[in-house]
$ cat data_1.pdb   # PDB, C-alpha atoms (C1' of nucleotides)
ATOM      1  CA  MET A  10     115.355  93.874 110.923  1.00  0.00           C
ATOM      2  CA  PHE A  11     113.142  96.918 110.506  1.00  0.00           C
ATOM      3  CA  ARG A  12     110.180  96.570 108.191  1.00  0.00           C
ATOM      4  CA  GLU A  13     109.656  99.146 105.475  1.00  0.00           C
ATOM      5  CA  LEU A  14     107.281 101.991 106.246  1.00  0.00           C
ATOM      6  CA  ASP A  15     104.914 102.569 103.337  1.00  0.00           C
ATOM      7  CA  PRO A  16     106.143 105.968 102.133  1.00  0.00           C
ATOM      8  CA  LEU A  17     102.660 106.903 101.027  1.00  0.00           C
ATOM      9  CA  LEU A  18     101.414 106.683 104.576  1.00  0.00           C
ATOM     10  CA  HIS A  19     104.580 107.905 106.258  1.00  0.00           C
ATOM     11  CA  SER A  20     103.594 111.513 105.711  1.00  0.00           C
ATOM     12  CA  GLN A  21     101.968 113.660 108.337  1.00  0.00           C
ATOM     13  CA  LEU A  22      99.114 114.960 106.240  1.00  0.00           C
ATOM     14  CA  ARG A  23      98.305 111.756 104.377  1.00  0.00           C
ATOM     15  CA  LEU A  24      98.411 109.812 107.618  1.00  0.00           C
ATOM     16  CA  ALA A  25      96.072 112.307 109.275  1.00  0.00           C
ATOM     17  CA  VAL A  26      93.670 112.047 106.355  1.00  0.00           C
ATOM     18  CA  MET A  27      93.670 108.268 106.492  1.00  0.00           C
ATOM     19  CA  SER A  28      93.204 108.349 110.225  1.00  0.00           C
ATOM     20  CA  LEU A  29      90.166 110.583 109.845  1.00  0.00           C
ATOM     21  CA  LEU A  30      88.681 108.558 107.015  1.00  0.00           C
ATOM     22  CA  LEU A  31      89.016 105.380 109.035  1.00  0.00           C
ATOM     23  CA  SER A  32      86.984 106.885 111.834  1.00  0.00           C
ATOM     24  CA  VAL A  33      84.254 108.499 109.796  1.00  0.00           C
ATOM     25  CA  GLU A  34      84.031 106.406 106.614  1.00  0.00           C
ATOM     26  CA  LYS A  35      83.132 109.440 104.521  1.00  0.00           C
ATOM     27  CA  ALA A  36      84.330 113.015 104.638  1.00  0.00           C
ATOM     28  CA  ASP A  37      84.297 116.034 102.417  1.00  0.00           C
ATOM     29  CA  PHE A  38      87.200 118.244 101.451  1.00  0.00           C
ATOM     30  CA  THR A  39      86.389 121.078 103.826  1.00  0.00           C
ATOM     31  CA  PHE A  40      86.002 118.743 106.782  1.00  0.00           C
ATOM     32  CA  LEU A  41      89.401 117.194 106.103  1.00  0.00           C
ATOM     33  CA  LYS A  42      90.946 120.598 105.589  1.00  0.00           C
ATOM     34  CA  ASN A  43      89.626 121.848 108.923  1.00  0.00           C
ATOM     35  CA  LYS A  44      90.494 118.756 110.913  1.00  0.00           C
ATOM     36  CA  THR A  45      94.030 118.560 109.555  1.00  0.00           C
ATOM     37  CA  SER A  46      94.672 122.320 109.554  1.00  0.00           C
ATOM     38  CA  SER A  47      96.185 121.950 106.122  1.00  0.00           C
ATOM     39  CA  THR A  48      96.104 124.328 103.210  1.00  0.00           C
ATOM     40  CA  ALA A  49      93.678 123.490 100.430  1.00  0.00           C
ATOM     41  CA  GLY A  50      96.511 123.119  97.926  1.00  0.00           C
ATOM     42  CA  ASN A  51      98.445 120.630  99.977  1.00  0.00           C
ATOM     43  CA  LEU A  52      95.319 118.657 100.797  1.00  0.00           C
ATOM     44  CA  SER A  53      94.289 118.523  97.166  1.00  0.00           C
ATOM     45  CA  VAL A  54      97.655 117.103  96.137  1.00  0.00           C
ATOM     46  CA  GLN A  55      97.809 114.542  98.907  1.00  0.00           C
ATOM     47  CA  LEU A  56      94.241 113.345  98.341  1.00  0.00           C
ATOM     48  CA  ASP A  57      95.109 112.741  94.716  1.00  0.00           C
ATOM     49  CA  ARG A  58      98.103 110.663  95.708  1.00  0.00           C
ATOM     50  CA  LEU A  59      96.036 108.546  98.067  1.00  0.00           C
ATOM     51  CA  ALA A  60      93.413 108.080  95.374  1.00  0.00           C
ATOM     52  CA  GLU A  61      96.031 107.185  92.779  1.00  0.00           C
ATOM     53  CA  ALA A  62      97.325 104.481  95.092  1.00  0.00           C
ATOM     54  CA  GLY A  63      93.804 103.166  95.521  1.00  0.00           C
ATOM     55  CA  TYR A  64      93.761 103.938  99.230  1.00  0.00           C
ATOM     56  CA  ILE A  65      90.753 106.235  98.948  1.00  0.00           C
ATOM     57  CA  THR A  66      88.075 107.110  96.448  1.00  0.00           C
ATOM     58  CA  ILE A  67      87.207 110.672  95.556  1.00  0.00           C
ATOM     59  CA  GLU A  68      83.732 111.582  94.422  1.00  0.00           C
ATOM     60  CA  LYS A  69      82.865 114.936  92.985  1.00  0.00           C
ATOM     61  CA  SER A  70      79.348 116.280  93.167  1.00  0.00           C
ATOM     62  CA  PHE A  71      77.444 119.415  94.145  1.00  0.00           C
ATOM     63  CA  LYS A  72      75.928 120.488  97.410  1.00  0.00           C
ATOM     64  CA  GLY A  73      73.364 122.963  96.167  1.00  0.00           C
ATOM     65  CA  LYS A  74      75.305 125.033  93.705  1.00  0.00           C
ATOM     66  CA  ARG A  75      78.697 124.454  95.304  1.00  0.00           C
ATOM     67  CA  PRO A  76      81.186 121.779  94.321  1.00  0.00           C
ATOM     68  CA  LEU A  77      81.579 119.016  96.856  1.00  0.00           C
ATOM     69  CA  THR A  78      84.476 116.581  97.052  1.00  0.00           C
ATOM     70  CA  THR A  79      83.799 113.514  99.128  1.00  0.00           C
ATOM     71  CA  CYS A  80      86.430 110.997 100.156  1.00  0.00           C
ATOM     72  CA  GLN A  81      86.150 107.481 101.372  1.00  0.00           C
ATOM     73  CA  VAL A  82      88.746 104.935 102.391  1.00  0.00           C
ATOM     74  CA  THR A  83      88.935 101.683 100.423  1.00  0.00           C
ATOM     75  CA  LYS A  84      89.620  98.150 101.627  1.00  0.00           C
ATOM     76  CA  LYS A  85      93.092  98.452 100.168  1.00  0.00           C
ATOM     77  CA  GLY A  86      93.568 101.640 102.135  1.00  0.00           C
ATOM     78  CA  ILE A  87      92.463 100.027 105.361  1.00  0.00           C
ATOM     79  CA  LYS A  88      94.834  97.130 104.831  1.00  0.00           C
ATOM     80  CA  ALA A  89      97.731  99.419 103.986  1.00  0.00           C
ATOM     81  CA  PHE A  90      97.060 101.479 107.086  1.00  0.00           C
ATOM     82  CA  GLU A  91      96.993  98.413 109.300  1.00  0.00           C
ATOM     83  CA  GLU A  92     100.229  97.144 107.842  1.00  0.00           C
ATOM     84  CA  TYR A  93     101.811 100.542 108.293  1.00  0.00           C
ATOM     85  CA  VAL A  94     100.799 100.625 111.934  1.00  0.00           C
ATOM     86  CA  ASN A  95     102.165  97.141 112.524  1.00  0.00           C
ATOM     87  CA  ALA A  96     105.461  98.005 110.902  1.00  0.00           C
ATOM     88  CA  LEU A  97     105.647 101.227 112.855  1.00  0.00           C
ATOM     89  CA  LYS A  98     105.213  99.442 116.138  1.00  0.00           C
ATOM     90  CA  GLN A  99     108.565  97.799 115.557  1.00  0.00           C
ATOM     91  CA  TYR A 100     110.159 101.212 115.691  1.00  0.00           C
ATOM     92  CA  ILE A 101     108.349 102.737 118.612  1.00  0.00           C
ATOM     93  CA  GLN A 102     107.786  99.927 121.057  1.00  0.00           C
ATOM     94  CA  PRO A 103     110.012  99.818 124.120  1.00  0.00           C
TER      95      PRO A 103
ATOM     96  CA  MET B  10      93.466 118.543 116.209  1.00  0.00           C
ATOM     97  CA  PHE B  11      96.475 116.509 115.171  1.00  0.00           C
ATOM     98  CA  ARG B  12      99.725 117.227 116.956  1.00  0.00           C
ATOM     99  CA  GLU B  13     102.820 117.973 114.897  1.00  0.00           C
ATOM    100  CA  LEU B  14     105.151 115.075 114.197  1.00  0.00           C
ATOM    101  CA  ASP B  15     108.767 116.100 114.818  1.00  0.00           C
ATOM    102  CA  PRO B  16     110.114 116.029 111.254  1.00  0.00           C
ATOM    103  CA  LEU B  17     113.522 114.979 112.482  1.00  0.00           C
ATOM    104  CA  LEU B  18     112.104 111.776 113.864  1.00  0.00           C
ATOM    105  CA  HIS B  19     109.464 111.234 111.220  1.00  0.00           C
ATOM    106  CA  SER B  20     111.975 109.605 108.911  1.00  0.00           C
ATOM    107  CA  GLN B  21     112.388 105.880 108.551  1.00  0.00           C
ATOM    108  CA  LEU B  22     116.138 105.726 108.973  1.00  0.00           C
ATOM    109  CA  ARG B  23     116.469 108.302 111.735  1.00  0.00           C
ATOM    110  CA  LEU B  24     113.611 106.673 113.626  1.00  0.00           C
ATOM    111  CA  ALA B  25     115.244 103.256 113.293  1.00  0.00           C
ATOM    112  CA  VAL B  26     118.525 104.662 114.562  1.00  0.00           C
ATOM    113  CA  MET B  27     116.854 106.268 117.551  1.00  0.00           C
ATOM    114  CA  SER B  28     114.937 103.088 118.254  1.00  0.00           C
ATOM    115  CA  LEU B  29     118.171 101.104 118.280  1.00  0.00           C
ATOM    116  CA  LEU B  30     120.027 103.621 120.388  1.00  0.00           C
ATOM    117  CA  LEU B  31     117.245 103.611 122.955  1.00  0.00           C
ATOM    118  CA  SER B  32     117.568  99.872 123.345  1.00  0.00           C
ATOM    119  CA  VAL B  33     121.338  99.592 123.461  1.00  0.00           C
ATOM    120  CA  GLU B  34     122.517 102.941 124.852  1.00  0.00           C
ATOM    121  CA  LYS B  35     125.685 102.834 122.737  1.00  0.00           C
ATOM    122  CA  ALA B  36     126.289 101.639 119.211  1.00  0.00           C
ATOM    123  CA  ASP B  37     128.926 102.001 116.549  1.00  0.00           C
ATOM    124  CA  PHE B  38     128.463 102.998 112.947  1.00  0.00           C
ATOM    125  CA  THR B  39     128.775  99.505 111.502  1.00  0.00           C
ATOM    126  CA  PHE B  40     126.277  98.074 113.962  1.00  0.00           C
ATOM    127  CA  LEU B  41     123.730 100.728 113.048  1.00  0.00           C
ATOM    128  CA  LYS B  42     124.429 100.244 109.354  1.00  0.00           C
ATOM    129  CA  ASN B  43     123.826  96.511 109.603  1.00  0.00           C
ATOM    130  CA  LYS B  44     120.732  96.708 111.769  1.00  0.00           C
ATOM    131  CA  THR B  45     119.086  99.350 109.639  1.00  0.00           C
ATOM    132  CA  SER B  46     120.229  97.932 106.287  1.00  0.00           C
ATOM    133  CA  SER B  47     121.128 101.425 105.222  1.00  0.00           C
ATOM    134  CA  THR B  48     123.931 102.615 103.025  1.00  0.00           C
ATOM    135  CA  ALA B  49     126.893 104.177 104.788  1.00  0.00           C
ATOM    136  CA  GLY B  50     126.312 107.486 103.047  1.00  0.00           C
ATOM    137  CA  ASN B  51     122.728 107.791 104.087  1.00  0.00           C
ATOM    138  CA  LEU B  52     123.510 106.742 107.630  1.00  0.00           C
ATOM    139  CA  SER B  53     126.365 109.229 107.887  1.00  0.00           C
ATOM    140  CA  VAL B  54     124.099 112.080 106.845  1.00  0.00           C
ATOM    141  CA  GLN B  55     121.251 111.116 109.148  1.00  0.00           C
ATOM    142  CA  LEU B  56     123.511 110.621 112.154  1.00  0.00           C
ATOM    143  CA  ASP B  57     124.861 114.113 111.621  1.00  0.00           C
ATOM    144  CA  ARG B  58     121.373 115.530 111.596  1.00  0.00           C
ATOM    145  CA  LEU B  59     120.442 113.775 114.810  1.00  0.00           C
ATOM    146  CA  ALA B  60     123.661 114.989 116.398  1.00  0.00           C
ATOM    147  CA  GLU B  61     123.089 118.536 115.196  1.00  0.00           C
ATOM    148  CA  ALA B  62     119.677 118.489 116.849  1.00  0.00           C
ATOM    149  CA  GLY B  63     121.264 117.259 120.058  1.00  0.00           C
ATOM    150  CA  TYR B  64     119.342 113.982 119.962  1.00  0.00           C
ATOM    151  CA  ILE B  65     122.511 111.887 119.934  1.00  0.00           C
ATOM    152  CA  THR B  66     126.211 112.329 120.535  1.00  0.00           C
ATOM    153  CA  ILE B  67     128.834 111.060 118.129  1.00  0.00           C
ATOM    154  CA  GLU B  68     132.251 110.086 119.377  1.00  0.00           C
ATOM    155  CA  LYS B  69     135.114 109.354 117.067  1.00  0.00           C
ATOM    156  CA  SER B  70     137.972 107.132 118.181  1.00  0.00           C
ATOM    157  CA  PHE B  71     139.991 104.165 116.989  1.00  0.00           C
ATOM    158  CA  LYS B  72     139.492 100.461 117.480  1.00  0.00           C
ATOM    159  CA  GLY B  73     143.044  99.253 116.987  1.00  0.00           C
ATOM    160  CA  LYS B  74     144.109 101.076 113.864  1.00  0.00           C
ATOM    161  CA  ARG B  75     140.611 101.494 112.449  1.00  0.00           C
ATOM    162  CA  PRO B  76     138.347 104.494 112.898  1.00  0.00           C
ATOM    163  CA  LEU B  77     135.368 103.922 115.131  1.00  0.00           C
ATOM    164  CA  THR B  78     132.263 106.079 115.322  1.00  0.00           C
ATOM    165  CA  THR B  79     130.179 105.534 118.415  1.00  0.00           C
ATOM    166  CA  CYS B  80     126.721 106.963 118.940  1.00  0.00           C
ATOM    167  CA  GLN B  81     124.693 107.464 122.040  1.00  0.00           C
ATOM    168  CA  VAL B  82     121.258 108.908 122.612  1.00  0.00           C
ATOM    169  CA  THR B  83     120.936 112.009 124.797  1.00  0.00           C
ATOM    170  CA  LYS B  84     118.269 112.948 127.317  1.00  0.00           C
ATOM    171  CA  LYS B  85     116.949 115.437 124.811  1.00  0.00           C
ATOM    172  CA  GLY B  86     116.771 112.639 122.251  1.00  0.00           C
ATOM    173  CA  ILE B  87     114.878 110.368 124.588  1.00  0.00           C
ATOM    174  CA  LYS B  88     112.382 113.104 125.371  1.00  0.00           C
ATOM    175  CA  ALA B  89     111.892 113.959 121.726  1.00  0.00           C
ATOM    176  CA  PHE B  90     111.341 110.315 120.897  1.00  0.00           C
ATOM    177  CA  GLU B  91     108.755 109.929 123.631  1.00  0.00           C
ATOM    178  CA  GLU B  92     106.919 113.017 122.480  1.00  0.00           C
ATOM    179  CA  TYR B  93     107.008 111.809 118.904  1.00  0.00           C
ATOM    180  CA  VAL B  94     105.515 108.469 119.918  1.00  0.00           C
ATOM    181  CA  ASN B  95     102.774 110.167 121.906  1.00  0.00           C
ATOM    182  CA  ALA B  96     101.903 112.446 119.022  1.00  0.00           C
ATOM    183  CA  LEU B  97     101.956 109.536 116.620  1.00  0.00           C
ATOM    184  CA  LYS B  98      99.498 107.574 118.689  1.00  0.00           C
ATOM    185  CA  GLN B  99      96.877 110.194 117.894  1.00  0.00           C
ATOM    186  CA  TYR B 100      97.165 109.219 114.268  1.00  0.00           C
ATOM    187  CA  ILE B 101      97.268 105.464 114.529  1.00  0.00           C
ATOM    188  CA  GLN B 102      94.968 104.588 117.398  1.00  0.00           C
ATOM    189  CA  PRO B 103      91.594 103.132 116.519  1.00  0.00           C
TER     190      PRO B 103
ATOM    191  C1'  DA C   4     157.282  95.157  97.704  1.00  0.00           C
ATOM    192  C1'  DT C   5     153.301  96.528  95.585  1.00  0.00           C
ATOM    193  C1'  DA C   6     148.881  95.995  93.641  1.00  0.00           C
ATOM    194  C1'  DA C   7     144.151  94.889  94.665  1.00  0.00           C
ATOM    195  C1'  DT C   8     140.600  94.696  98.045  1.00  0.00           C
ATOM    196  C1'  DT C   9     138.286  95.810 102.211  1.00  0.00           C
ATOM    197  C1'  DT C  10     136.973  98.816 106.022  1.00  0.00           C
ATOM    198  C1'  DG C  11     134.971 102.781 107.717  1.00  0.00           C
ATOM    199  C1'  DG C  12     133.477 106.241 106.713  1.00  0.00           C
ATOM    200  C1'  DT C  13     132.396 111.571 104.116  1.00  0.00           C
ATOM    201  C1'  DT C  14     130.940 114.507 100.382  1.00  0.00           C
ATOM    202  C1'  DT C  15     128.245 115.552  96.523  1.00  0.00           C
ATOM    203  C1'  DA C  16     124.543 114.980  93.174  1.00  0.00           C
ATOM    204  C1'  DT C  17     119.885 113.869  92.143  1.00  0.00           C
ATOM    205  C1'  DA C  18     115.253 112.669  92.331  1.00  0.00           C
ATOM    206  C1'  DA C  19     111.184 112.784  95.072  1.00  0.00           C
ATOM    207  C1'  DC C  20     108.483 115.206  98.382  1.00  0.00           C
ATOM    208  C1'  DA C  21     105.909 118.488 101.117  1.00  0.00           C
ATOM    209  C1'  DT C  22     104.251 122.754 101.050  1.00  0.00           C
ATOM    210  C1'  DA C  23     102.942 127.384  99.886  1.00  0.00           C
ATOM    211  C1'  DA C  24     101.706 130.630  96.542  1.00  0.00           C
ATOM    212  C1'  DA C  25      99.180 131.734  92.687  1.00  0.00           C
ATOM    213  C1'  DC C  26      95.369 130.828  90.075  1.00  0.00           C
ATOM    214  C1'  DT C  27      90.422 129.326  88.423  1.00  0.00           C
ATOM    215  C1'  DA C  28      85.507 129.133  88.438  1.00  0.00           C
ATOM    216  C1'  DG C  29      81.655 130.065  90.289  1.00  0.00           C
ATOM    217  C1'  DT C  30      78.638 132.086  94.342  1.00  0.00           C
ATOM    218  C1'  DT C  31      77.129 135.188  97.703  1.00  0.00           C
ATOM    219  C1'  DT C  32      76.898 139.644  99.839  1.00  0.00           C
ATOM    220  C1'  DA C  33      77.286 144.701 100.150  1.00  0.00           C
TER     221       DA C  33
ATOM    222  C1'  DT D  26      78.149 145.499  89.911  1.00  0.00           C
ATOM    223  C1'  DA D  27      82.007 145.192  92.494  1.00  0.00           C
ATOM    224  C1'  DA D  28      84.086 142.958  96.362  1.00  0.00           C
ATOM    225  C1'  DA D  29      84.679 139.090  98.937  1.00  0.00           C
ATOM    226  C1'  DC D  30      84.100 134.358  99.762  1.00  0.00           C
ATOM    227  C1'  DT D  31      83.864 129.165  98.705  1.00  0.00           C
ATOM    228  C1'  DA D  32      85.894 125.208  96.961  1.00  0.00           C
ATOM    229  C1'  DG D  33      88.986 123.759  95.158  1.00  0.00           C
ATOM    230  C1'  DT D  34      93.432 122.939  91.251  1.00  0.00           C
ATOM    231  C1'  DT D  35      97.878 123.918  89.295  1.00  0.00           C
ATOM    232  C1'  DT D  36     102.435 125.417  89.522  1.00  0.00           C
ATOM    233  C1'  DA D  37     106.685 126.818  91.722  1.00  0.00           C
ATOM    234  C1'  DT D  38     110.029 126.276  95.286  1.00  0.00           C
ATOM    235  C1'  DG D  39     112.628 124.888  99.001  1.00  0.00           C
ATOM    236  C1'  DT D  40     113.687 120.445 101.694  1.00  0.00           C
ATOM    237  C1'  DT D  41     114.536 115.808 102.109  1.00  0.00           C
ATOM    238  C1'  DA D  42     115.991 111.248 101.558  1.00  0.00           C
ATOM    239  C1'  DT D  43     118.934 108.593  99.219  1.00  0.00           C
ATOM    240  C1'  DA D  44     122.417 106.808  96.255  1.00  0.00           C
ATOM    241  C1'  DA D  45     126.581 107.405  93.891  1.00  0.00           C
ATOM    242  C1'  DA D  46     131.043 108.834  93.973  1.00  0.00           C
ATOM    243  C1'  DC D  47     134.802 109.597  96.548  1.00  0.00           C
ATOM    244  C1'  DC D  48     138.689 109.288 100.241  1.00  0.00           C
ATOM    245  C1'  DA D  49     142.229 107.534 103.523  1.00  0.00           C
ATOM    246  C1'  DA D  50     144.034 103.977 105.730  1.00  0.00           C
ATOM    247  C1'  DA D  51     144.484  99.016 106.615  1.00  0.00           C
ATOM    248  C1'  DT D  52     144.638  94.380 105.075  1.00  0.00           C
ATOM    249  C1'  DT D  53     145.365  90.646 101.905  1.00  0.00           C
ATOM    250  C1'  DA D  54     147.149  88.507  97.756  1.00  0.00           C
ATOM    251  C1'  DT D  55     150.896  88.107  94.190  1.00  0.00           C
TER     252       DT D  55
END

$ encode --input "data_1.pdb" --output "structure tokens"
Amino acid sequence: MFRELDPLLHSQLRLAVMSLLLSVEKADFTFLKNKTSSTAGNLSVQLDRLAEAGYITIEKSFKGKRPLTTCQVTKKGIKAFEEYVNALKQYIQP
Amino acid sequence: MFRELDPLLHSQLRLAVMSLLLSVEKADFTFLKNKTSSTAGNLSVQLDRLAEAGYITIEKSFKGKRPLTTCQVTKKGIKAFEEYVNALKQYIQP
DNA sequence: ATAATTTGGTTTATAACATAAACTAGTTTA
DNA sequence: TAAACTAGTTTATGTTATAAACCAAATTAT
């Protein structure tokens, strides 16, 4: 009857992150932190989970002397997001 | 940036229950259990939470000799659901 | 008649989760 | 050179979702 909602995406912060990454293709940690109004700790954990699932890639480099964490959504992530949205529509459509 | 997602509704089972109740206006425990493929225990707990929040009412009676639990969505529940859906759209729209 | 099974749930225990708090390492500013 | 800030990570904690165990009554089988 109701399709499963991917638990990895059915989370406010992870969903917000994915949503942002889908619109911008590439984003750094601070950008995501600002846009989602999350704490750094929470964001760090959730980014790791998304990366572990293969939904995003995380690249660590330096911007000048400062560490820079850049995230990018993968094809797998895009597909998972689309499937999540389709499943969700079952629940919220009138 | 991103609106809060009502944590009471951002739950697969509770959302499915609300979705069903919005379409049928009145439903009994067994109906909801079947349609959502949930366990009785889980459903019992989640119905209580929705009732406690005032999103649904729970009426206990008997059908013949058997207990019958009937649920109905409230105006508050409908409003909360609509707000949840609107907030959610921010996250999932392209 | 009574034992086993089914119905319609509730209560309790547990594992996963989201989140905040505390911490680290280095950089910039006063 | 000390204080404060940047850019995070790790750890601790309170919530949550869920399943497992339980309960009372009704039905069915022996």

$ interface_residues --input "data_1.pdb" --of "chain D" --to "chain A" --cutoff "8 Å" --atoms "all atoms listed in the file" --output "ChimeraX atom specification"
/D:31-34

$ residues_around --input "data_1.pdb" --residues "DT38 of chain D" --least-positions-apart "6" --cutoff "10 Å" --atoms "all atoms listed in the file" --output "CSV table (one decimal) with C-alpha atoms (C1' of nucleotides), in the frame of the given file"
chain,number,residue,atom,x,y,z
C,22,DT,C1',104.3,122.8,101.0
C,23,DA,C1',102.9,127.4,99.9
C,24,DA,C1',101.7,130.6,96.5

$ atom_distance --input "data_1.pdb" --atom1 "atom CA of Asn51 of chain A" --atom2 "atom C1' of DC26 of chain C"
14.5 Å

$ resolve_selection --input "data_1.pdb" --expression "the PyMOL selection byres ((chain C and resi 15) around 8)" --output "PDB file with C-alpha atoms (C1' of nucleotides), keeping the file's coordinate frame"
ATOM      1  C1'  DT C  14     130.940 114.507 100.382  1.00  0.00           C
ATOM      2  C1'  DA C  16     124.543 114.980  93.174  1.00  0.00           C
TER       3       DA C  16
ATOM      4  C1'  DA D  46     131.043 108.834  93.973  1.00  0.00           C
TER       5       DA D  46
END

$ resolve_selection --input "data_1.pdb" --expression "the PyMOL selection byres ((chain C) within 12 of (chain B))" --output "list in words"
DT9, DT10, DG11, DG12, DT13, DT14, DT15 and DA21 of chain C

$ closest_residue --input "data_1.pdb" --among "A:Phe40, A:Phe71, A:Tyr93, A:Tyr100" --to "chain B" --atoms "all atoms listed in the file"
A:Tyr100

$ closest_atom_pairs --input "data_1.pdb" --of "chain A" --to "chain B" --cutoff "7 Å" --atoms "only C-alpha atoms" --output "CSV"
residue,atom,partner,partner_atom,distance
A:Met10,CA,B:Lys44,CA,6.1
A:Phe11,CA,B:Thr45,CA,6.5
A:Leu14,CA,B:Gln21,CA,6.8
A:Gln21,CA,B:Leu14,CA,6.8
A:Leu24,CA,B:Tyr100,CA,6.8
A:Ala25,CA,B:Tyr100,CA,6.0
A:Ser28,CA,B:Tyr100,CA,5.7
A:Lys44,CA,B:Met10,CA,6.1
A:Thr45,CA,B:Phe11,CA,6.5
A:Val94,CA,B:Ile101,CA,6.5
A:Tyr100,CA,B:Ser28,CA,5.7
A:Ile101,CA,B:Val94,CA,6.5

$ atom_distance --input "data_1.pdb" --atom1 "atom CA of Val82 of chain B" --atom2 "atom CA of Glu34 of chain B"
6.5 Å

$ residues_near_point --input "data_1.pdb" --point "(127.8, 114.1, 121.2)" --cutoff "9 Å" --atoms "all atoms listed in the file" --output "compact mmCIF listing (two decimals) with C-alpha atoms, keeping the file's coordinate frame"
# COMPACT_ATOMS: atom_id res chain seq x y z
CA ALA B 60 123.66 114.99 116.40
CA GLU B 61 123.09 118.54 115.20
CA GLY B 63 121.26 117.26 120.06
CA TYR B 64 119.34 113.98 119.96
CA ILE B 65 122.51 111.89 119.93
CA THR B 66 126.21 112.33 120.54
CA ILE B 67 128.83 111.06 118.13
CA GLU B 68 132.25 110.09 119.38
CA CYS B 80 126.72 106.96 118.94
CA GLN B 81 124.69 107.46 122.04
CA VAL B 82 121.26 108.91 122.61
CA THR B 83 120.94 112.01 124.80

$ atom_distance --input "data_1.pdb" --atom1 "atom C1' of DT27 of chain C" --atom2 "atom CA of Lys74 of chain A"
16.6 Å

$ resolve_selection --input "data_1.pdb" --expression "the PyMOL selection byres ((chain C and resi 6) around 12)" --output "short mmCIF file (atom, residue, chain, number, x, y, z; two decimals) with C-alpha atoms (C1' of nucleotides), in the frame of the given file"
data_model
loop_
_atom_site.label_atom_id
_atom_site.label_comp_id
_atom_site.auth_asym_id
_atom_site.auth_seq_id
_atom_site.Cartn_x
_atom_site.Cartn_y
_atom_site.Cartn_z
"C1'" DA C 4 157.28 95.16 97.70
"C1'" DT C 5 153.30 96.53 95.58
"C1'" DA C 7 144.15 94.89 94.66
"C1'" DT C 8 140.60 94.70 98.04
"C1'" DT D 53 145.36 90.65 101.90
"C1'" DA D 54 147.15 88.51 97.76
"C1'" DT D 55 150.90 88.11 94.19
#

$ axis_aligned_box --input "data_1.pdb" --around "segment 26-30 of chain D" --padding-each-side "8 Å" --output "AutoDock Vina command-line options"
--center_x 81.4 --center_y 139.9 --center_z 94.8 --size_x 22.5 --size_y 27.1 --size_z 25.9

$ closest_residue --input "data_1.pdb" --among "A:Ala89, A:Leu56, A:Ala96, A:Ala62" --to "Lys42 of chain A" --atoms "all atoms listed in the file"
A:Leu56

$ closest_residue --input "data_1.pdb" --among "D:DT41, D:DC47, D:DT52, D:DA29" --to "DT17 of chain C" --atoms "all atoms listed in the file"
D:DT41

$ build_atoms --input "data_1.pdb" --residues "segment 80-91 of chain B" --atoms "N, CA and C atoms" --output "PDB file, in the frame of the given file"
ATOM      1  N   CYS B  80     127.862 106.064 118.735  1.00  0.00           N
ATOM      2  CA  CYS B  80     126.721 106.963 118.940  1.00  0.00           C
ATOM      3  C   CYS B  80     125.984 106.602 120.220  1.00  0.00           C
ATOM      4  N   GLN B  81     125.418 107.641 120.788  1.00  0.00           N
ATOM      5  CA  GLN B  81     124.693 107.464 122.040  1.00  0.00           C
ATOM      6  C   GLN B  81     123.541 108.458 122.054  1.00  0.00           C
ATOM      7  N   VAL B  82     122.408 108.018 122.563  1.00  0.00           N
ATOM      8  CA  VAL B  82     121.258 108.908 122.612  1.00  0.00           C
ATOM      9  C   VAL B  82     121.380 109.837 123.828  1.00  0.00           C
ATOM     10  N   THR B  83     120.896 111.049 123.690  1.00  0.00           N
ATOM     11  CA  THR B  83     120.936 112.009 124.797  1.00  0.00           C
ATOM     12  C   THR B  83     119.576 112.068 125.494  1.00  0.00           C
ATOM     13  N   LYS B  84     119.542 112.768 126.624  1.00  0.00           N
ATOM     14  CA  LYS B  84     118.269 112.948 127.317  1.00  0.00           C
ATOM     15  C   LYS B  84     117.275 113.678 126.417  1.00  0.00           C
ATOM     16  N   LYS B  85     117.783 114.683 125.740  1.00  0.00           N
ATOM     17  CA  LYS B  85     116.949 115.437 124.811  1.00  0.00           C
ATOM     18  C   LYS B  85     116.369 114.519 123.728  1.00  0.00           C
ATOM     19  N   GLY B  86     117.202 113.595 123.268  1.00  0.00           N
ATOM     20  CA  GLY B  86     116.771 112.639 122.251  1.00  0.00           C
ATOM     21  C   GLY B  86     115.682 111.718 122.772  1.00  0.00           C
ATOM     22  N   ILE B  87     115.874 111.261 123.981  1.00  0.00           N
ATOM     23  CA  ILE B  87     114.878 110.368 124.588  1.00  0.00           C
ATOM     24  C   ILE B  87     113.541 111.090 124.719  1.00  0.00           C
ATOM     25  N   LYS B  88     113.611 112.326 125.188  1.00  0.00           N
ATOM     26  CA  LYS B  88     112.382 113.104 125.371  1.00  0.00           C
ATOM     27  C   LYS B  88     111.683 113.344 124.032  1.00  0.00           C
ATOM     28  N   ALA B  89     112.463 113.701 123.049  1.00  0.00           N
ATOM     29  CA  ALA B  89     111.892 113.959 121.726  1.00  0.00           C
ATOM     30  C   ALA B  89     111.234 112.700 121.172  1.00  0.00           C
ATOM     31  N   PHE B  90     111.887 111.585 121.375  1.00  0.00           N
ATOM     32  CA  PHE B  90     111.341 110.315 120.897  1.00  0.00           C
ATOM     33  C   PHE B  90     110.013 110.009 121.580  1.00  0.00           C
ATOM     34  N   GLU B  91     109.988 110.197 122.889  1.00  0.00           N
ATOM     35  CA  GLU B  91     108.755 109.929 123.631  1.00  0.00           C
ATOM     36  C   GLU B  91     107.610 110.835 123.169  1.00  0.00           C
TER      37      GLU B  91
END
